[in-house]
Protein chains: 2
Amino acid sequence: MSSKKPHYLPLYEQIKSKLIARIASGEWPTDAVLPSEWDLADEFGVSQGTVRKAVSELTALGWLYRQQGRGTFVAPGESEWGRAHLVSPGQFAELPDVPRPELLAVSRMTAPDDVAQALGGRRGMPLHHLRLLWRVRGEAVALDDVLLPVERFAELDARRVRLAGGGVYVLLERQYAVRVRATGWQFRAVRCGREEAVLLGVEPDEELLSVVRLGVTVDGEVVEWRQRLVRSRHWAWQFDLKR
Amino acid sequence: MSSKKPHYLPLYEQIKSKLIARIASGEWPTDAVLPSEWDLADEFGVSQGTVRKAVSELTALGWLYRQQGRGTFVAPGESEWGRAHLVSPGQFAELPDVPRPELLAVSRMTAPDDVAQALGGRRGMPLHHLRLLWRVRGEAVALDDVLLPVERFAELDARRVRLAGGGVYVLLERQYAVRVRATGWQFRAVRCGREEAVLLGVEPDEELLSVVRLGVTVDGEVVEWRQRLVRSRHWAWQFDLKR
DNA sequence: AAGTGGTCTAGACCACCAG
DNA sequence: TGGTGGTCTAGACCACTTC
């Protein structure tokens with residue numbers, strides 16, 4: 001790797017790493033309260049201000065949330081829609097509907113070259129292939145093809161996914177103690193294939209929004225490739241950024 | 001408005017406001033160096049740590065950038081592609097090509113209802129309509145329709161836009177001292193219309209990526225509505241997020 | 001060597017929440 | 001009333017850039 005390694009690591013960075021490790025390990029489950037900043041400062045042998053800086057950055061990164069007067073808590077993992085949601089085209093202030101997942105199928109496949117490359121693996125590596133259908137008020141709105149390396153996630157089958165409520169990220173967090181964060185969205189317009197048309201209930205050849213994205217772990221390991229096809233005649237994929 | 005207003009404003013928030021005002025006023029142009037943290041602390045009558053917190057947040061917000069040992073500088077305004085860039089579909093590590101704008105036309109129109117609503121104005125408000133064509137290595141890749149309130153931006157014509165090099169944000173910053181930030185992207189797949197097909201050099205009815213977004217000022221005023229149509233057979237719109 | 005940003009400390013006080 | 005996060009200070013020292 002050509003990454004420049006700094007000659008030292010600030011205390012607050014070390015504390016960030018330790019906190020992330022303990023969150024990822026499951027020691028503090030979602031919404032659990034952390035020790036107070038002063039207690040953590042004692043534990044790590046630093047001042048409260050240093051702990052505060054570490055916690056602030058983890059809050060900005062979405063690992064924690066704070067409530068003045070109450071404490072610091074572990075934030076829930078990212079949803080499979082991340083910061084995106086579906087709205088009516090042109091309406092920016094609309095309250096979004098929450099899509100619900102339905103697991104259609106779990107199978108195995110070998111990785112196409114571009115997927116293998118994106119996942120940082122070898123050509124033809126074995127993958128789990130999950131297919132999810134997302135519905136809003138019963139209506140099919142999106143179809144996901146999720147590809148996960150078999151070597152990384154052994155013993156994954158439809159039963160386990162269904163036990164996790166159909167959510168892939170929930171499954172990975174509970175079963176493998178892995179928090180996956182989406183990164184690097186790629187948007188395109190594509191034509192609907194025959195098979196997808198049946199599942200989504202649209203005509204073949206209808207234009208669909210394609211969103212391809214990668215899922216990475218805390219350590220930057222790419223462990224998920226996902227394509228989402230979205231019906232976009234009545235829905236728009238809205239992306240909000242604070243900063 | 002239903003926003004809760006706090007009973008007090010922290011010093012660092014006041015300093016942030018003052019700094020933003022001075023940047024927006026043009027007192028410090030792009031890439032200008034700010035006074036040192038100690039000098040600003042003296043000027044505002046606070047400690048260096050408080051200035052530091054304000055500057056840190058403005059850095060995170062993209063207003064400033066810092067270089068250790070050198071100083072703090074005014075960051076350039078957001079480009080009209082923001083954090084997005086065009087890549088080949090499926091390639092996540094590719095070096096992006098930079099699209100170049102060509103101004104096709106400047107005209108007037110009255111706002112459609114949804115645009116008027118998004119801009120927070122009345123029905124039928126007068127708008128400037130700018131049309132831009134984006135090219136990568138000579139090839140047309142995207143077509144922008146930019147709508148700006150006439151009342152907010154008087155005396156805007158093709159000559160002035162061309163003087164600014166075809167960039168709308170550059171024009172607004174130089175001519176009106178307004179920094180526009182894109183927010184709230186909406187992605188859809190649409191069919192190409194007849195007129196757009198000619199301009200983009202594609203067949204009518206070809207599927208295109210439609211990206212509608214709003215541009216807001218520092219004060220949260222919505223001053224721009226923009227639709228971008230992107231050829232997406234050979235290009236994907238990639239969006240990167242650090243956090 | 002001087003000047004800048006970057007880290008860290010110890011202590012103080014304020015705002016907010018729960019009991 | 002006590003505990004928590006949130007702000008602010010004064011001072012120290014480190015890392016980096018420039019001269």
# chains A, B, ... in the order shown; residues from 1 in each chain; ligands from 1
$ interface_residues --of "chain B" --to "chain C" --cutoff "12 Å" --atoms "only C-alpha atoms (C1' of nucleotides)" --output "JSON, numbers by chain"
{"B": [6, 7, 8, 9, 10, 33, 34, 35, 36, 37, 38, 39, 48, 49, 52, 55, 56, 65, 66, 67, 68, 69, 70, 71, 72, 73]}
$ select_by_dssp --residues "segment 15-211 of chain B" --states "helix (DSSP H, G or I)" --output "VMD selection string"
chain B and resid 15 to 24 37 to 44 48 to 60 113 to 118 158 to 163 168 to 176 194 to 200
$ closest_atom_pairs --of "chain A" --to "chain B" --cutoff "7 Å" --atoms "only C-alpha atoms" --output "tab-separated table"
residue	atom	partner	partner_atom	distance
A:Leu61	CA	B:Arg243	CA	5.7
A:Gly90	CA	B:Asp114	CA	6.3
A:Phe92	CA	B:Ala118	CA	6.9
A:Asp114	CA	B:Gly90	CA	6.3
A:Ala118	CA	B:Phe92	CA	6.9
A:Thr183	CA	B:Leu241	CA	6.3
A:Gly184	CA	B:Asp240	CA	4.7
A:Trp185	CA	B:Phe239	CA	5.2
A:Gln186	CA	B:Gln238	CA	4.3
A:Phe187	CA	B:Trp237	CA	5.0
A:Arg188	CA	B:Ala236	CA	5.3
A:Ala189	CA	B:Ala189	CA	4.9
A:Val190	CA	B:Glu207	CA	6.4
A:Glu207	CA	B:Ala189	CA	5.9
A:Leu208	CA	B:Ala189	CA	5.4
A:Leu209	CA	B:Ala189	CA	4.9
A:Ser232	CA	B:Arg188	CA	5.4
A:Ala236	CA	B:Arg188	CA	5.3
A:Trp237	CA	B:Phe187	CA	5.0
A:Gln238	CA	B:Gln186	CA	4.3
A:Phe239	CA	B:Trp185	CA	5.1
A:Asp240	CA	B:Gly184	CA	4.7
A:Leu241	CA	B:Thr183	CA	6.3
A:Arg243	CA	B:Leu61	CA	5.6
$ write_last_selection --atoms "N, CA, C and O atoms" --output "mmCIF file, in the first residue's frame"
data_model
loop_
_atom_site.group_PDB
_atom_site.id
_atom_site.type_symbol
_atom_site.label_atom_id
_atom_site.label_comp_id
_atom_site.auth_asym_id
_atom_site.auth_seq_id
_atom_site.Cartn_x
_atom_site.Cartn_y
_atom_site.Cartn_z
ATOM 1 N N LEU A 61 -19.514 10.412 12.816
ATOM 2 C CA LEU A 61 -19.409 9.264 11.918
ATOM 3 C C LEU A 61 -20.608 8.338 12.020
ATOM 4 O O LEU A 61 -20.689 7.359 11.288
ATOM 5 N N GLY A 90 -40.159 15.598 -7.587
ATOM 6 C CA GLY A 90 -40.390 17.037 -7.497
ATOM 7 C C GLY A 90 -40.786 17.518 -6.116
ATOM 8 O O GLY A 90 -40.742 18.702 -5.837
ATOM 9 N N PHE A 92 -39.859 17.919 -2.462
ATOM 10 C CA PHE A 92 -38.642 17.824 -1.666
ATOM 11 C C PHE A 92 -38.897 17.770 -0.169
ATOM 12 O O PHE A 92 -38.047 17.390 0.602
ATOM 13 N N ASP A 114 -16.125 -7.815 -12.918
ATOM 14 C CA ASP A 114 -16.151 -6.472 -12.326
ATOM 15 C C ASP A 114 -16.534 -6.529 -10.848
ATOM 16 O O ASP A 114 -16.014 -5.757 -10.038
ATOM 17 N N ALA A 118 -14.297 -5.294 -7.698
ATOM 18 C CA ALA A 118 -14.797 -4.336 -6.717
ATOM 19 C C ALA A 118 -14.671 -4.898 -5.302
ATOM 20 O O ALA A 118 -14.422 -4.159 -4.345
ATOM 21 N N THR A 183 -21.152 2.777 0.617
ATOM 22 C CA THR A 183 -20.246 3.825 0.136
ATOM 23 C C THR A 183 -20.214 3.779 -1.377
ATOM 24 O O THR A 183 -20.466 2.757 -1.993
ATOM 25 N N GLY A 184 -19.923 4.895 -1.991
ATOM 26 C CA GLY A 184 -19.687 4.909 -3.431
ATOM 27 C C GLY A 184 -20.848 4.498 -4.295
ATOM 28 O O GLY A 184 -20.743 3.553 -5.067
ATOM 29 N N TRP A 185 -21.952 5.187 -4.162
ATOM 30 C CA TRP A 185 -23.113 4.913 -5.017
ATOM 31 C C TRP A 185 -22.831 5.245 -6.478
ATOM 32 O O TRP A 185 -22.217 6.265 -6.786
ATOM 33 N N GLN A 186 -23.333 4.397 -7.375
ATOM 34 C CA GLN A 186 -23.311 4.705 -8.801
ATOM 35 C C GLN A 186 -24.719 4.643 -9.359
ATOM 36 O O GLN A 186 -25.370 3.599 -9.299
ATOM 37 N N PHE A 187 -25.148 5.751 -9.922
ATOM 38 C CA PHE A 187 -26.506 5.849 -10.455
ATOM 39 C C PHE A 187 -26.493 5.760 -11.973
ATOM 40 O O PHE A 187 -25.673 6.405 -12.627
ATOM 41 N N ARG A 188 -27.434 4.990 -12.508
ATOM 42 C CA ARG A 188 -27.630 4.921 -13.957
ATOM 43 C C ARG A 188 -29.105 4.714 -14.258
ATOM 44 O O ARG A 188 -29.880 4.334 -13.393
ATOM 45 N N ALA A 189 -29.451 4.974 -15.515
ATOM 46 C CA ALA A 189 -30.769 4.593 -16.001
ATOM 47 C C ALA A 189 -30.593 3.359 -16.871
ATOM 48 O O ALA A 189 -29.683 3.319 -17.688
ATOM 49 N N VAL A 190 -31.427 2.365 -16.642
ATOM 50 C CA VAL A 190 -31.308 1.134 -17.427
ATOM 51 C C VAL A 190 -32.698 0.693 -17.893
ATOM 52 O O VAL A 190 -33.718 1.237 -17.461
ATOM 53 N N GLU A 207 -37.983 1.966 -18.260
ATOM 54 C CA GLU A 207 -36.749 2.542 -17.728
ATOM 55 C C GLU A 207 -36.766 2.439 -16.209
ATOM 56 O O GLU A 207 -37.774 2.693 -15.555
ATOM 57 N N LEU A 208 -35.624 2.017 -15.651
ATOM 58 C CA LEU A 208 -35.496 1.879 -14.200
ATOM 59 C C LEU A 208 -34.238 2.602 -13.739
ATOM 60 O O LEU A 208 -33.272 2.734 -14.489
ATOM 61 N N LEU A 209 -34.286 3.048 -12.494
ATOM 62 C CA LEU A 209 -33.094 3.620 -11.885
ATOM 63 C C LEU A 209 -32.252 2.484 -11.322
ATOM 64 O O LEU A 209 -32.752 1.645 -10.563
ATOM 65 N N SER A 232 -39.170 4.144 -11.284
ATOM 66 C CA SER A 232 -39.018 5.574 -11.058
ATOM 67 C C SER A 232 -40.029 6.416 -11.812
ATOM 68 O O SER A 232 -39.851 7.614 -11.962
ATOM 69 N N ALA A 236 -39.073 8.900 -6.805
ATOM 70 C CA ALA A 236 -37.713 9.395 -7.013
ATOM 71 C C ALA A 236 -36.883 9.016 -5.802
ATOM 72 O O ALA A 236 -37.385 8.931 -4.682
ATOM 73 N N TRP A 237 -35.613 8.742 -6.056
ATOM 74 C CA TRP A 237 -34.685 8.386 -4.994
ATOM 75 C C TRP A 237 -34.053 9.676 -4.505
ATOM 76 O O TRP A 237 -33.308 10.311 -5.225
ATOM 77 N N GLN A 238 -34.395 10.042 -3.287
ATOM 78 C CA GLN A 238 -33.871 11.303 -2.760
ATOM 79 C C GLN A 238 -32.730 11.069 -1.796
ATOM 80 O O GLN A 238 -32.780 10.187 -0.937
ATOM 81 N N PHE A 239 -31.744 11.932 -1.952
ATOM 82 C CA PHE A 239 -30.521 11.809 -1.193
ATOM 83 C C PHE A 239 -30.324 13.122 -0.474
ATOM 84 O O PHE A 239 -30.231 14.162 -1.119
ATOM 85 N N ASP A 240 -30.265 13.099 0.830
ATOM 86 C CA ASP A 240 -30.089 14.338 1.574
ATOM 87 C C ASP A 240 -28.720 14.383 2.212
ATOM 88 O O ASP A 240 -28.248 13.385 2.743
ATOM 89 N N LEU A 241 -28.105 15.541 2.149
ATOM 90 C CA LEU A 241 -26.821 15.731 2.795
ATOM 91 C C LEU A 241 -26.899 16.930 3.711
ATOM 92 O O LEU A 241 -27.367 17.983 3.314
ATOM 93 N N ARG A 243 -24.084 18.080 5.100
ATOM 94 C CA ARG A 243 -22.887 18.867 4.810
ATOM 95 C C ARG A 243 -22.406 18.608 3.421
ATOM 96 O O ARG A 243 -22.625 17.659 2.834
#
$ residues_around --residues "Tyr176 of chain B" --least-positions-apart "4" --cutoff "8 Å" --atoms "only C-alpha atoms (C1' of nucleotides)" --output "PyMOL selection string"
chain B and resi 153+171-172
$ write_last_selection --atoms "N, CA, C and O atoms" --output "PDB file, in the first residue's frame"
ATOM      1  N   PHE B 153     -32.033  37.474  -8.967  1.00  0.00           N
ATOM      2  CA  PHE B 153     -30.857  37.694  -9.813  1.00  0.00           C
ATOM      3  C   PHE B 153     -31.243  38.509 -11.034  1.00  0.00           C
ATOM      4  O   PHE B 153     -31.506  37.958 -12.104  1.00  0.00           O
ATOM      5  N   LEU B 171     -20.497  32.403 -11.598  1.00  0.00           N
ATOM      6  CA  LEU B 171     -21.198  33.655 -11.903  1.00  0.00           C
ATOM      7  C   LEU B 171     -21.910  34.211 -10.678  1.00  0.00           C
ATOM      8  O   LEU B 171     -21.768  35.391 -10.333  1.00  0.00           O
ATOM      9  N   LEU B 172     -22.651  33.361  -9.999  1.00  0.00           N
ATOM     10  CA  LEU B 172     -23.425  33.841  -8.853  1.00  0.00           C
ATOM     11  C   LEU B 172     -22.500  34.340  -7.749  1.00  0.00           C
ATOM     12  O   LEU B 172     -22.812  35.321  -7.070  1.00  0.00           O
TER      13      LEU B 172
END
$ residues_around --residues "Gly215 of chain B" --least-positions-apart "3" --cutoff "10 Å" --atoms "only C-alpha atoms (C1' of nucleotides)" --output "list of chain:residue names"
B:Leu119, B:Leu148, B:Tyr169, B:Arg179, B:Val180, B:Arg181, B:Ala182, B:Thr183, B:Gly184, B:Trp185, B:Gly220, B:Glu221, B:Val222, B:Val223, B:Glu224, B:Trp225, B:Arg226
$ closest_atom_pairs --of "chain D" --to "chain A" --cutoff "8 Å" --atoms "only C-alpha atoms (C1' of nucleotides)" --output "JSON lines"
{"residue": "D:DG3", "atom": "C1'", "partner": "A:Gly69", "partner_atom": "CA", "distance": 7.6}
{"residue": "D:DT4", "atom": "C1'", "partner": "A:Gly69", "partner_atom": "CA", "distance": 4.3}
{"residue": "D:DG5", "atom": "C1'", "partner": "A:Gln68", "partner_atom": "CA", "distance": 4.5}
{"residue": "D:DG6", "atom": "C1'", "partner": "A:Gln68", "partner_atom": "CA", "distance": 7.6}
$ closest_residue --among "A:Gly120, A:Pro126, A:Gly26, A:Pro96" --to "Trp81 of chain A" --atoms "only C-alpha atoms"
A:Pro96
$ select_by_dssp --residues "segment 65-213 of chain B" --states "strand (DSSP E or B)" --output "PyMOL selection string"
chain B and resi 65-67+71-74+84-87+97+100-110+126-136+139-149+181-191+207-213
$ residues_around --residues "Arg159 of chain B" --least-positions-apart "6" --cutoff "12 Å" --atoms "only C-alpha atoms (C1' of nucleotides)" --output "list of chain:residue names"
B:Leu103, B:Leu104, B:Ala105, B:Val106, B:Gly165, B:Gly166, B:Leu171
$ write_last_selection --atoms "C-alpha atoms" --output "tab-separated table (two decimals), in the first residue's frame"
chain	number	residue	atom	x	y	z
B	103	LEU	CA	-23.86	27.53	-22.41
B	104	LEU	CA	-26.57	26.81	-24.95
B	105	ALA	CA	-29.24	29.37	-24.16
B	106	VAL	CA	-30.51	31.88	-21.64
B	165	GLY	CA	-16.61	30.74	-18.06
B	166	GLY	CA	-19.98	29.09	-18.40
B	171	LEU	CA	-21.20	33.65	-11.90
